[in-house]
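**Q** Have a peek at run06.tsv (TSV, C-alpha atoms and all ligand atoms).
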```
chain	number	residue	atom	x	y	z
I	1	MET	CA	42.36	-12.02	81.92
I	2	THR	CA	38.76	-13.19	82.49
I	3	GLN	CA	38.24	-15.29	85.62
I	4	THR	CA	35.43	-17.79	86.08
I	5	ASP	CA	33.72	-19.29	89.15
I	6	SER	CA	35.44	-22.22	90.81
I	7	VAL	CA	33.93	-25.70	90.43
I	8	ASP	CA	34.82	-29.02	92.06
I	9	CYS	CA	36.40	-30.39	88.92
I	10	THR	CA	37.59	-29.08	85.56
I	11	ILE	CA	37.86	-31.67	82.80
I	12	ILE	CA	40.10	-30.70	79.90
I	13	GLY	CA	39.03	-32.50	76.71
I	14	GLY	CA	35.57	-33.39	75.46
I	15	GLY	CA	36.25	-36.81	73.90
I	16	PRO	CA	34.78	-40.10	75.18
I	17	ALA	CA	36.88	-39.98	78.39
I	18	GLY	CA	35.98	-36.41	79.32
I	19	LEU	CA	32.32	-36.87	78.41
I	20	TYR	CA	31.88	-39.99	80.48
I	21	ALA	CA	33.78	-38.49	83.42
I	22	ALA	CA	31.45	-35.46	83.29
I	23	PHE	CA	28.43	-37.73	83.52
I	24	TYR	CA	29.88	-39.76	86.36
I	25	ALA	CA	30.97	-36.63	88.23
I	26	GLY	CA	27.30	-35.62	88.16
I	27	MET	CA	26.36	-39.00	89.67
I	28	ARG	CA	28.82	-38.23	92.46
I	29	ASP	CA	27.28	-34.77	93.07
I	30	LEU	CA	30.35	-32.88	91.88
I	31	THR	CA	30.16	-29.58	90.03
I	32	VAL	CA	32.02	-29.96	86.80
I	33	ARG	CA	33.20	-28.02	83.78
I	34	ILE	CA	34.37	-29.51	80.47
I	35	ILE	CA	36.71	-27.41	78.34
I	36	GLU	CA	37.18	-28.42	74.72
I	37	ASN	CA	39.47	-26.89	72.12
I	38	LYS	CA	37.22	-27.68	69.17
I	39	SER	CA	33.84	-26.18	68.38
I	40	SER	CA	32.14	-29.50	69.11
I	41	LEU	CA	32.43	-32.33	71.62
I	42	GLY	CA	33.25	-35.91	70.65
I	43	GLY	CA	37.05	-36.08	70.36
I	44	LYS	CA	38.47	-38.65	67.97
I	45	LEU	CA	35.01	-39.96	67.08
I	46	HIS	CA	34.95	-37.08	64.58
I	47	PHE	CA	37.56	-39.04	62.61
I	48	TYR	CA	35.29	-42.03	62.05
I	49	PRO	CA	31.65	-40.91	62.13
I	50	GLU	CA	30.49	-43.44	59.54
I	51	LYS	CA	32.50	-46.44	60.78
I	52	THR	CA	30.73	-49.01	62.90
I	53	ILE	CA	31.93	-49.51	66.47
I	54	TRP	CA	31.42	-53.06	67.74
I	55	ASP	CA	33.36	-53.14	70.98
I	56	ILE	CA	31.58	-50.86	73.45
I	57	GLY	CA	30.25	-53.15	76.18
I	58	GLY	CA	26.49	-53.76	76.04
I	59	GLN	CA	26.14	-51.64	72.95
I	60	THR	CA	25.05	-53.27	69.69
I	61	PRO	CA	27.07	-52.14	66.63
I	62	ILE	CA	26.75	-48.39	66.36
I	63	SER	CA	28.13	-45.71	64.02
I	64	GLY	CA	30.79	-43.34	65.34
I	65	MET	CA	28.37	-40.45	64.85
I	66	LYS	CA	25.56	-42.09	66.82
I	67	ALA	CA	27.94	-43.17	69.58
I	68	MET	CA	29.22	-39.61	69.79
I	69	GLU	CA	25.69	-38.19	69.99
I	70	GLN	CA	24.80	-40.62	72.76
I	71	MET	CA	27.96	-39.87	74.74
I	72	ILE	CA	27.32	-36.12	74.47
I	73	SER	CA	23.71	-36.56	75.54
I	74	GLN	CA	24.76	-38.71	78.52
I	75	ALA	CA	27.44	-36.18	79.49
I	76	LYS	CA	24.77	-33.47	79.68
I	77	THR	CA	22.60	-35.45	82.15
I	78	PHE	CA	23.69	-33.38	85.15
I	79	GLU	CA	24.13	-30.17	83.14
I	80	PRO	CA	27.87	-29.64	83.43
I	81	GLU	CA	29.26	-26.33	82.27
I	82	ILE	CA	30.51	-26.90	78.71
I	83	ILE	CA	33.06	-24.56	77.21
I	84	LEU	CA	33.95	-24.99	73.54
I	85	ASP	CA	36.60	-23.34	71.36
I	86	GLN	CA	39.00	-22.89	74.26
I	87	LYS	CA	42.49	-24.36	74.09
I	88	ILE	CA	44.08	-24.81	77.50
I	89	THR	CA	47.73	-23.81	77.32
I	90	GLU	CA	48.76	-23.85	80.97
I	91	VAL	CA	47.67	-25.53	84.22
I	92	ASN	CA	48.93	-24.40	87.63
I	93	LYS	CA	48.31	-25.59	91.17
I	94	LEU	CA	47.86	-22.44	93.24
I	95	GLY	CA	48.92	-21.70	96.83
I	96	ASP	CA	45.36	-22.37	98.07
I	97	ASN	CA	45.53	-25.82	96.40
I	98	ARG	CA	43.05	-24.90	93.67
I	99	PHE	CA	43.89	-25.56	90.04
I	100	GLU	CA	43.98	-22.82	87.48
I	101	ALA	CA	43.59	-23.68	83.77
I	102	LEU	CA	44.57	-20.87	81.43
I	103	SER	CA	43.35	-20.70	77.85
I	104	SER	CA	44.98	-19.29	74.73
I	105	THR	CA	42.37	-16.52	74.68
I	106	GLY	CA	43.31	-15.35	78.18
I	107	LYS	CA	40.58	-16.98	80.24
I	108	ALA	CA	41.29	-18.54	83.66
I	109	TYR	CA	39.22	-21.47	84.97
I	110	PHE	CA	39.47	-22.53	88.63
I	111	SER	CA	38.62	-25.80	90.33
I	112	LYS	CA	39.46	-27.90	93.38
I	113	ALA	CA	40.60	-30.83	91.22
I	114	LEU	CA	41.44	-31.24	87.55
I	115	ILE	CA	41.17	-34.13	85.10
I	116	ILE	CA	43.25	-34.18	81.92
I	117	ALA	CA	41.31	-35.97	79.17
I	118	THR	CA	43.14	-34.60	76.16
I	119	GLY	CA	43.60	-37.93	74.32
I	120	GLY	CA	45.92	-37.77	71.34
I	121	GLY	CA	46.01	-33.97	71.70
I	122	ILE	CA	45.27	-31.30	69.19
I	123	PHE	CA	45.54	-32.34	65.58
I	124	ASN	CA	45.67	-30.02	62.63
I	125	PRO	CA	45.36	-31.43	59.13
I	126	LYS	CA	48.46	-31.05	56.98
I	127	ARG	CA	47.87	-28.58	54.17
I	128	LEU	CA	49.15	-28.93	50.62
I	129	PRO	CA	52.66	-27.44	50.44
I	130	ASN	CA	52.59	-25.88	46.97
I	131	VAL	CA	49.07	-24.39	46.59
I	132	ASP	CA	47.03	-22.29	49.04
I	133	CYS	CA	43.73	-24.03	49.80
I	134	THR	CA	42.72	-21.77	52.69
I	135	PRO	CA	40.34	-19.54	50.65
I	136	TYR	CA	38.29	-22.64	49.77
I	137	GLU	CA	38.28	-24.41	53.15
I	138	HIS	CA	34.82	-23.08	53.93
I	139	THR	CA	33.42	-24.30	50.59
I	140	ASN	CA	34.77	-27.30	48.69
I	141	VAL	CA	38.12	-28.22	50.23
I	142	HIS	CA	37.75	-30.79	53.02
I	143	TYR	CA	40.19	-32.45	55.43
I	144	THR	CA	37.72	-34.91	57.00
I	145	ILE	CA	34.55	-36.53	55.74
I	146	LYS	CA	31.49	-36.33	57.96
I	147	ARG	CA	28.95	-38.01	55.65
I	148	THR	CA	29.75	-39.83	52.41
I	149	LYS	CA	26.27	-38.87	51.17
I	150	ASP	CA	27.42	-35.22	50.97
I	151	PHE	CA	29.47	-36.27	47.93
I	152	LYS	CA	26.75	-38.21	46.15
I	153	ASN	CA	26.98	-37.89	42.34
I	154	LYS	CA	29.79	-35.35	42.63
I	155	ARG	CA	33.21	-35.20	40.95
I	156	VAL	CA	35.61	-35.71	43.82
I	157	ALA	CA	39.41	-35.58	44.03
I	158	ILE	CA	41.17	-37.20	46.99
I	159	VAL	CA	44.76	-36.22	47.64
I	160	GLY	CA	46.89	-38.72	49.58
I	161	GLY	CA	48.35	-42.19	49.40
I	162	GLY	CA	48.03	-43.51	52.95
I	163	ASN	CA	45.56	-45.95	54.48
I	164	SER	CA	43.05	-43.30	55.37
I	165	ALA	CA	42.99	-41.70	51.89
I	166	ILE	CA	42.61	-45.05	50.14
I	167	ASP	CA	39.99	-46.17	52.66
I	168	TRP	CA	37.95	-43.03	51.99
I	169	ALA	CA	38.40	-43.42	48.24
I	170	ASN	CA	36.92	-46.92	48.44
I	171	GLU	CA	34.04	-45.67	50.60
I	172	LEU	CA	33.21	-42.92	48.10
I	173	GLU	CA	33.68	-44.93	44.93
I	174	GLY	CA	30.28	-45.99	43.57
I	175	ASN	CA	28.65	-43.08	45.41
I	176	VAL	CA	30.31	-40.23	43.50
I	177	SER	CA	30.09	-39.60	39.74
I	178	ASP	CA	33.88	-39.33	39.20
I	179	LEU	CA	36.68	-40.10	41.59
I	180	TYR	CA	40.31	-39.01	41.18
I	181	VAL	CA	43.03	-40.13	43.56
I	182	ILE	CA	46.10	-37.91	43.41
I	183	HIS	CA	49.35	-38.97	45.04
I	184	ARG	CA	52.80	-37.42	44.81
I	185	SER	CA	54.55	-40.80	44.35
I	186	ASP	CA	53.33	-44.09	42.98
I	187	SER	CA	54.02	-46.14	46.09
I	188	PHE	CA	50.93	-46.10	48.30
I	189	ARG	CA	51.19	-46.72	52.04
I	190	ALA	CA	47.85	-48.50	52.20
I	191	HIS	CA	46.71	-52.07	52.90
I	192	GLU	CA	47.25	-54.22	49.83
I	193	SER	CA	43.62	-55.40	49.73
I	194	GLN	CA	42.28	-51.84	49.90
I	195	LEU	CA	44.66	-50.72	47.19
I	196	ARG	CA	43.67	-53.64	44.96
I	197	LYS	CA	40.00	-52.77	45.48
I	198	LEU	CA	40.67	-49.20	44.42
I	199	ARG	CA	42.71	-50.19	41.37
I	200	GLU	CA	39.89	-52.52	40.24
I	201	SER	CA	37.31	-49.72	40.61
I	202	LYS	CA	36.42	-46.97	38.16
I	203	ALA	CA	38.51	-44.39	40.04
I	204	THR	CA	41.26	-42.60	38.09
I	205	ILE	CA	44.57	-42.80	39.93
I	206	TYR	CA	47.18	-40.12	39.29
I	207	GLY	CA	50.54	-41.31	40.67
I	208	HIS	CA	53.68	-39.11	40.74
I	209	THR	CA	51.29	-36.17	40.51
I	210	VAL	CA	50.85	-32.90	42.37
I	211	ILE	CA	48.19	-30.20	42.19
I	212	SER	CA	49.97	-27.29	40.51
I	213	GLU	CA	47.03	-24.88	40.41
I	214	LEU	CA	43.59	-24.45	41.93
I	215	ILE	CA	41.26	-23.01	39.30
I	216	PRO	CA	38.40	-21.08	40.94
I	217	ASP	CA	34.89	-20.67	39.53
I	218	ILE	CA	33.50	-17.31	38.48
I	219	SER	CA	32.51	-16.41	42.08
I	220	GLY	CA	36.07	-17.02	43.26
I	221	GLN	CA	34.62	-18.87	46.26
I	222	ARG	CA	34.93	-22.46	45.05
I	223	ILE	CA	37.48	-24.52	43.18
I	224	HIS	CA	36.10	-25.45	39.81
I	225	ALA	CA	39.03	-27.48	38.44
I	226	LEU	CA	42.47	-28.69	39.39
I	227	LYS	CA	45.56	-28.40	37.27
I	228	LEU	CA	47.69	-31.49	37.85
I	229	ARG	CA	51.36	-31.90	37.02
I	230	HIS	CA	53.10	-35.23	36.56
I	231	SER	CA	56.33	-34.81	38.50
I	232	LYS	CA	58.41	-37.01	36.16
I	233	THR	CA	57.14	-35.82	32.76
I	234	ASP	CA	55.85	-32.32	33.69
I	235	LYS	CA	52.71	-33.14	31.67
I	236	GLU	CA	49.76	-31.04	32.83
I	237	THR	CA	46.14	-32.15	32.99
I	238	VAL	CA	43.08	-30.14	34.00
I	239	VAL	CA	40.42	-32.04	35.93
I	240	PRO	CA	37.00	-30.41	36.61
I	241	ILE	CA	35.84	-31.19	40.16
I	242	ASP	CA	33.09	-30.39	42.67
I	243	ASP	CA	35.03	-31.23	45.87
I	244	VAL	CA	38.62	-31.86	46.95
I	245	ILE	CA	39.45	-34.01	49.96
I	246	ILE	CA	42.98	-33.61	51.31
I	247	ASN	CA	44.13	-36.53	53.39
I	248	ILE	CA	47.90	-36.30	53.75
I	249	GLY	CA	48.07	-36.68	57.53
I	250	PHE	CA	47.84	-34.58	60.66
I	251	GLU	CA	50.29	-32.56	62.73
I	252	THR	CA	50.03	-32.66	66.51
I	253	GLU	CA	50.56	-29.49	68.53
I	254	ASP	CA	52.57	-29.54	71.74
I	255	ASN	CA	50.18	-29.66	74.70
I	256	PHE	CA	50.28	-27.97	78.12
I	257	HIS	CA	50.97	-31.16	80.09
I	258	GLN	CA	54.35	-31.53	78.33
I	259	ASP	CA	55.59	-28.31	79.92
I	260	LYS	CA	58.50	-29.19	82.23
I	261	LYS	CA	57.15	-26.96	84.96
I	262	MET	CA	54.17	-29.32	85.38
I	263	ALA	CA	56.67	-32.01	86.41
I	264	LEU	CA	54.54	-34.84	85.04
I	265	PRO	CA	56.50	-37.99	84.18
I	266	LEU	CA	55.78	-38.78	80.55
I	267	VAL	CA	56.02	-41.90	78.44
I	268	ASP	CA	57.33	-41.40	74.87
I	269	ASN	CA	57.51	-37.70	75.73
I	270	TYR	CA	53.71	-37.46	75.46
I	271	TYR	CA	51.57	-39.90	77.51
I	272	ILE	CA	51.12	-39.12	81.20
I	273	LYS	CA	52.59	-41.84	83.39
I	274	GLY	CA	49.96	-42.47	86.04
I	275	THR	CA	48.18	-45.23	87.91
I	276	SER	CA	45.24	-47.45	87.00
I	277	GLN	CA	43.28	-45.26	89.44
I	278	ALA	CA	43.95	-42.28	87.13
I	279	GLN	CA	46.32	-40.57	89.60
I	280	THR	CA	49.25	-38.52	88.32
I	281	ALA	CA	52.37	-37.30	90.12
I	282	VAL	CA	50.43	-34.23	91.32
I	283	ASP	CA	47.84	-34.50	94.10
I	284	GLY	CA	44.37	-33.55	92.86
I	285	LEU	CA	45.41	-33.83	89.22
I	286	TYR	CA	44.14	-36.88	87.32
I	287	ALA	CA	44.47	-38.18	83.76
I	288	ILE	CA	42.06	-40.41	81.83
I	289	GLY	CA	41.57	-41.95	78.40
I	290	ASP	CA	44.19	-42.14	75.68
I	291	ILE	CA	46.52	-39.60	77.32
I	292	LEU	CA	47.03	-41.80	80.39
I	293	ASP	CA	49.62	-44.55	80.53
I	294	TYR	CA	49.94	-47.38	83.04
I	295	SER	CA	50.67	-51.07	82.84
I	296	GLY	CA	47.69	-52.75	81.17
I	297	LYS	CA	46.19	-49.50	79.85
I	298	VAL	CA	43.54	-50.08	77.16
I	299	ARG	CA	43.38	-47.27	74.59
I	300	LEU	CA	39.78	-47.87	73.61
I	301	ILE	CA	36.49	-46.17	74.46
I	302	SER	CA	35.74	-48.77	77.18
I	303	GLY	CA	39.15	-48.12	78.74
I	304	ALA	CA	38.41	-44.37	78.71
I	305	PHE	CA	35.10	-44.95	80.53
I	306	ASN	CA	36.80	-47.07	83.17
I	307	ASP	CA	39.46	-44.41	83.76
I	308	GLY	CA	36.68	-41.84	84.02
I	309	ILE	CA	34.95	-43.63	86.90
I	310	ASN	CA	38.25	-44.12	88.73
I	311	ALA	CA	39.25	-40.49	88.32
I	312	VAL	CA	35.90	-39.14	89.48
I	313	ASN	CA	35.93	-41.36	92.57
I	314	GLN	CA	39.40	-40.02	93.33
I	315	VAL	CA	38.22	-36.44	92.78
I	316	ARG	CA	35.30	-37.01	95.16
I	317	ASP	CA	37.67	-38.25	97.88
I	318	TYR	CA	40.11	-35.42	97.18
I	319	CYS	CA	37.47	-32.67	97.34
I	320	TYR	CA	35.44	-34.15	100.22
I	321	PRO	CA	37.93	-36.32	102.18
I	322	LYS	CA	35.95	-36.88	105.34
I	323	GLU	CA	33.06	-38.68	103.67
I	324	GLU	CA	32.48	-42.40	103.91
I	325	ASP	CA	33.27	-44.39	100.79
I	326	LYS	CA	30.18	-44.66	98.72
I	327	ILE	CA	29.49	-47.00	95.81
I	328	VAL	CA	27.13	-45.31	93.41
I	329	ARG	CA	24.85	-47.29	91.13
I	330	SER	CA	22.73	-45.44	88.60
I	331	SER	CA	19.88	-47.94	89.12
I	332	LEU	CA	19.77	-46.87	92.78
I	333	HIS	CA	20.50	-43.18	92.22
I	334	GLU	CA	17.53	-41.24	93.61
I	335	GLY	CA	17.73	-38.30	91.22
I	336	LEU	CA	18.11	-40.49	88.15
I	337	GLN	CA	15.38	-42.94	89.14
I	338	GLN	CA	12.87	-40.10	89.27
I	339	ARG	CA	13.66	-39.01	85.73
I	340	GLU	CA	11.62	-40.05	82.72
I	341	VAL	CA	13.62	-41.77	79.97
I	401	LIG	C1	40.13	-44.28	63.20
I	401	LIG	C2	39.89	-44.71	64.63
I	401	LIG	C3	39.01	-45.73	64.90
I	401	LIG	C4	38.77	-46.13	66.23
I	401	LIG	N1	37.89	-47.16	66.47
I	401	LIG	C5	37.62	-47.51	67.75
I	401	LIG	C6	36.68	-48.57	68.04
I	401	LIG	O1	36.11	-49.18	67.13
I	401	LIG	N2	36.46	-48.87	69.36
I	401	LIG	C7	37.07	-48.21	70.38
I	401	LIG	O2	36.78	-48.52	71.54
I	401	LIG	N3	37.98	-47.23	70.14
I	401	LIG	C8	38.26	-46.87	68.86
I	401	LIG	N4	39.19	-45.89	68.60
I	401	LIG	C9	39.91	-45.27	69.77
I	401	LIG	C10	39.02	-44.24	70.47
I	401	LIG	O3	38.50	-43.29	69.56
I	401	LIG	C11	39.86	-43.56	71.55
I	401	LIG	O4	40.32	-44.54	72.45
I	401	LIG	C12	39.03	-42.52	72.29
I	401	LIG	O5	38.59	-41.51	71.41
I	401	LIG	C13	39.87	-41.89	73.42
I	401	LIG	O6	39.09	-40.90	74.01
I	401	LIG	P1	39.76	-39.67	74.78
I	401	LIG	O7	38.60	-38.85	75.29
I	401	LIG	O8	40.79	-40.16	75.72
I	401	LIG	O9	40.55	-38.83	73.67
I	401	LIG	P2	40.09	-38.09	72.34
I	401	LIG	O10	38.98	-38.81	71.68
I	401	LIG	O11	41.36	-37.88	71.58
I	401	LIG	O12	39.55	-36.67	72.85
I	401	LIG	C14	40.42	-35.72	73.41
I	401	LIG	C15	39.79	-34.33	73.30
I	401	LIG	O13	40.60	-33.39	74.01
I	401	LIG	C16	40.67	-32.17	73.27
I	401	LIG	N5	41.88	-31.45	73.66
I	401	LIG	C17	43.18	-31.87	73.51
I	401	LIG	N6	44.02	-30.95	74.00
I	401	LIG	C18	43.25	-29.93	74.49
I	401	LIG	C19	43.56	-28.69	75.12
I	401	LIG	N7	44.82	-28.32	75.35
I	401	LIG	N8	42.53	-27.88	75.48
I	401	LIG	C20	41.23	-28.24	75.25
I	401	LIG	N9	40.88	-29.42	74.64
I	401	LIG	C21	41.88	-30.25	74.28
I	401	LIG	C22	40.71	-32.65	71.81
I	401	LIG	O14	40.29	-31.61	70.94
I	401	LIG	C23	39.71	-33.83	71.86
I	401	LIG	O15	38.38	-33.40	71.58
I	401	LIG	C24	39.44	-45.48	67.30
I	401	LIG	C25	40.34	-44.42	67.02
I	401	LIG	C26	40.56	-44.04	65.71
I	401	LIG	C27	41.52	-42.90	65.43
```
I'd like the structure from this file rewritten - as structure tokens, please.
**A**
Amino acid sequence: MTQTDSVDCTIIGGGPAGLYAAFYAGMRDLTVRIIENKSSLGGKLHFYPEKTIWDIGGQTPISGMKAMEQMISQAKTFEPEIILDQKITEVNKLGDNRFEALSSTGKAYFSKALIIATGGGIFNPKRLPNVDCTPYEHTNVHYTIKRTKDFKNKRVAIVGGGNSAIDWANELEGNVSDLYVIHRSDSFRAHESQLRKLRESKATIYGHTVISELIPDISGQRIHALKLRHSKTDKETVVPIDDVIINIGFETEDNFHQDKKMALPLVDNYYIKGTSQAQTAVDGLYAIGDILDYSGKVRLISGAFNDGINAVNQVRDYCYPKEEDKIVRSSLHEGLQQREV
């Protein structure tokens, strides 16, 4: 097992809550480390990079991508240690009161206090059950869409019949050269207005249809065409495509905080029951953002920011208990005021 230096606070999760808490921890002169399971920071904002966010206080309408970039940049203000691609699988409070966070790759991270900012947890996209897409996941099979412009003038197949699939189909329609929507039944679980919009568009909708074969190109690296099978008639159709987007939902992995040995009271067997001050049942262990539950909890970015400030103030008191209470304002923060913006 590899051990790392101890910091004041470890933050698990690099979504809006963890990012803002890292920034604010810097304002409060705490040493901090963010550990994120994915290869990039940003949390759930990766699910809606091209949607416009209207409800972040003081922020004019902004795309998910831009908001994410700004949050990451703000989080780096005080140069926290950022660790990516590490899934935390276990957290223990040690005999010397430090916290130990253990990762799936056998690393151990130590800190005086710990903030859980793991949001909705770790999602993995559901894969198609009857064909193996994994060889093409690094080329033209996608589970999320970062930029619609990547599909400009392409022949695109979207698999799925839920809100998200139909929403994406409508976003892409008009941008792509051909759009095929493939769904295993003919009842779509999407908003009626979105479905109507799609049906009135030029998209070809294949209901009661599954992909029965992925036909690769000559290099074997990319899918060149899809063989589709109508599940009622068994009729087969071959559709040439450039990209396939699979949007049939996500599976959530169990997360470390659900382990009984952590003794954290949970709501709905997932959310951490805590206080509006971000405290949990364990001293020195805090929770913020979507993972936290208390009466009046707001599961929005602004709510995550608010939890972040509360948690960091608690961490400061926990790590340095004899200090006087201090209200910190960035406009009066000496270090920040000397910086050029
Ligand atoms: C489609 C959609 C649209 C939305 N629109 C808005 C909006 O317009 N306005 C708004 O305010 N809010 C919106 N939200 C809600 C907002 O995105 C969430 O409230 C916010 O992302 C919560 O932030 P978080 O940091 O608590 O959690 P998350 O964003 O879920 O981030 C948690 C992070 O923790 C990581 N993680 C989890 N477990 C581990 C582990 N064991 N080890 C290491 N890392 C781990 C995850 O990989 C993830 O990066 C929207 C949400 C969705 C899904």
**Q** Could you give me, as CSV, every chain I residue with an atom at most 7 Å from ligand LIG 401 (chain I), plus its closest atom pair and distance in Å to one decimal, counting all atoms listed in the file, rows ordered by chain then number?
**A**
```
residue,atom,partner,partner_atom,distance
I:Ile12,CA,I:LIG401,C20,5.4
I:Gly13,CA,I:LIG401,O13,3.2
I:Gly14,CA,I:LIG401,O15,4.8
I:Gly15,CA,I:LIG401,O7,3.4
I:Pro16,CA,I:LIG401,O7,4.0
I:Ala17,CA,I:LIG401,O7,3.7
I:Gly18,CA,I:LIG401,O7,5.4
I:Ile35,CA,I:LIG401,C20,5.5
I:Glu36,CA,I:LIG401,N9,3.8
I:Asn37,CA,I:LIG401,C20,3.8
I:Lys38,CA,I:LIG401,O14,5.3
I:Leu41,CA,I:LIG401,O15,6.0
I:Gly42,CA,I:LIG401,O15,5.8
I:Gly43,CA,I:LIG401,O15,3.2
I:Lys44,CA,I:LIG401,O10,3.7
I:Leu45,CA,I:LIG401,O3,5.4
I:Phe47,CA,I:LIG401,C1,5.9
I:Tyr48,CA,I:LIG401,C1,5.5
I:Thr52,CA,I:LIG401,O1,6.8
I:Ile53,CA,I:LIG401,O1,4.2
I:Trp54,CA,I:LIG401,O1,6.1
I:Asp55,CA,I:LIG401,N2,5.5
I:Ile56,CA,I:LIG401,O2,6.0
I:Gln86,CA,I:LIG401,C20,5.9
I:Lys87,CA,I:LIG401,N8,3.8
I:Ile88,CA,I:LIG401,N8,4.0
I:Thr89,CA,I:LIG401,N7,5.7
I:Ala117,CA,I:LIG401,O8,5.5
I:Thr118,CA,I:LIG401,O13,3.5
I:Gly119,CA,I:LIG401,O9,3.2
I:Gly120,CA,I:LIG401,O11,4.6
I:Gly121,CA,I:LIG401,C17,4.0
I:Ile122,CA,I:LIG401,C17,4.8
I:Asn255,CA,I:LIG401,N7,5.6
I:Phe256,CA,I:LIG401,N7,6.1
I:Ile288,CA,I:LIG401,O8,6.2
I:Gly289,CA,I:LIG401,O8,3.3
I:Asp290,CA,I:LIG401,O8,3.9
I:Ile291,CA,I:LIG401,O8,6.0
I:Arg299,CA,I:LIG401,O4,4.6
I:Leu300,CA,I:LIG401,O4,3.6
I:Ile301,CA,I:LIG401,O2,3.8
I:Ser302,CA,I:LIG401,O2,5.7
I:Ala304,CA,I:LIG401,O8,5.7
```
**Q** If you keep C-alpha atoms, can you produce a file of those selected residues as a PDB file, keeping the file's coordinate frame?
**A**
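Below you can see out.pdb, which holds the result:
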```pdb
ATOM      1  CA  ILE I  12      40.100 -30.700  79.900  1.00  0.00           C
ATOM      2  CA  GLY I  13      39.030 -32.500  76.710  1.00  0.00           C
ATOM      3  CA  GLY I  14      35.570 -33.390  75.460  1.00  0.00           C
ATOM      4  CA  GLY I  15      36.250 -36.810  73.900  1.00  0.00           C
ATOM      5  CA  PRO I  16      34.780 -40.100  75.180  1.00  0.00           C
ATOM      6  CA  ALA I  17      36.880 -39.980  78.390  1.00  0.00           C
ATOM      7  CA  GLY I  18      35.980 -36.410  79.320  1.00  0.00           C
ATOM      8  CA  ILE I  35      36.710 -27.410  78.340  1.00  0.00           C
ATOM      9  CA  GLU I  36      37.180 -28.420  74.720  1.00  0.00           C
ATOM     10  CA  ASN I  37      39.470 -26.890  72.120  1.00  0.00           C
ATOM     11  CA  LYS I  38      37.220 -27.680  69.170  1.00  0.00           C
ATOM     12  CA  LEU I  41      32.430 -32.330  71.620  1.00  0.00           C
ATOM     13  CA  GLY I  42      33.250 -35.910  70.650  1.00  0.00           C
ATOM     14  CA  GLY I  43      37.050 -36.080  70.360  1.00  0.00           C
ATOM     15  CA  LYS I  44      38.470 -38.650  67.970  1.00  0.00           C
ATOM     16  CA  LEU I  45      35.010 -39.960  67.080  1.00  0.00           C
ATOM     17  CA  PHE I  47      37.560 -39.040  62.610  1.00  0.00           C
ATOM     18  CA  TYR I  48      35.290 -42.030  62.050  1.00  0.00           C
ATOM     19  CA  THR I  52      30.730 -49.010  62.900  1.00  0.00           C
ATOM     20  CA  ILE I  53      31.930 -49.510  66.470  1.00  0.00           C
ATOM     21  CA  TRP I  54      31.420 -53.060  67.740  1.00  0.00           C
ATOM     22  CA  ASP I  55      33.360 -53.140  70.980  1.00  0.00           C
ATOM     23  CA  ILE I  56      31.580 -50.860  73.450  1.00  0.00           C
ATOM     24  CA  GLN I  86      39.000 -22.890  74.260  1.00  0.00           C
ATOM     25  CA  LYS I  87      42.490 -24.360  74.090  1.00  0.00           C
ATOM     26  CA  ILE I  88      44.080 -24.810  77.500  1.00  0.00           C
ATOM     27  CA  THR I  89      47.730 -23.810  77.320  1.00  0.00           C
ATOM     28  CA  ALA I 117      41.310 -35.970  79.170  1.00  0.00           C
ATOM     29  CA  THR I 118      43.140 -34.600  76.160  1.00  0.00           C
ATOM     30  CA  GLY I 119      43.600 -37.930  74.320  1.00  0.00           C
ATOM     31  CA  GLY I 120      45.920 -37.770  71.340  1.00  0.00           C
ATOM     32  CA  GLY I 121      46.010 -33.970  71.700  1.00  0.00           C
ATOM     33  CA  ILE I 122      45.270 -31.300  69.190  1.00  0.00           C
ATOM     34  CA  ASN I 255      50.180 -29.660  74.700  1.00  0.00           C
ATOM     35  CA  PHE I 256      50.280 -27.970  78.120  1.00  0.00           C
ATOM     36  CA  ILE I 288      42.060 -40.410  81.830  1.00  0.00           C
ATOM     37  CA  GLY I 289      41.570 -41.950  78.400  1.00  0.00           C
ATOM     38  CA  ASP I 290      44.190 -42.140  75.680  1.00  0.00           C
ATOM     39  CA  ILE I 291      46.520 -39.600  77.320  1.00  0.00           C
ATOM     40  CA  ARG I 299      43.380 -47.270  74.590  1.00  0.00           C
ATOM     41  CA  LEU I 300      39.780 -47.870  73.610  1.00  0.00           C
ATOM     42  CA  ILE I 301      36.490 -46.170  74.460  1.00  0.00           C
ATOM     43  CA  SER I 302      35.740 -48.770  77.180  1.00  0.00           C
ATOM     44  CA  ALA I 304      38.410 -44.370  78.710  1.00  0.00           C
TER      45      ALA I 304
END
```
**Q** Rank nothing, just name the residue among I:Gly160, I:Gly106, I:Gly174, I:Pro49 nearest to Met65 in chain I, using only C-alpha atoms.
**A**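 Nearest to Met65 in chain I: I:Pro49.
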**Q** Mind pulling up the distance from CA of Leu266 in chain I to CA of Val7 in chain I?
**A** 27.3 Å
**Q** Taking all atoms listed in the file into account, name the residue in I:Ala169, I:Val131, I:Ala157, I:Leu214 that is nearest to Arg199 in chain I.
**A** I:Ala169
**Q** Have a look at I:Asn163, I:Arg229, I:Asp259, I:Glu90 and name the one nearest to Leu102 in chain I; count only C-alpha atoms.
**A**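 Under the stated criterion, the closest residue is I:Glu90.
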**Q** As a ChimeraX atom specification, please: the residues near Gly161 in chain I (cut-off 10 Å, only C-alpha atoms, same-chain neighbours under 3 positions excluded).
**A** /I:158,164-167,181-190,195,207,247-249
**Q** Rank I:Glu50, I:Asp268, I:Asp8, I:Asp150 by their smallest atom-to-atom distance to Pro80 in chain I, using all atoms listed in the file, and report the top residue only.
**A** I:Asp8
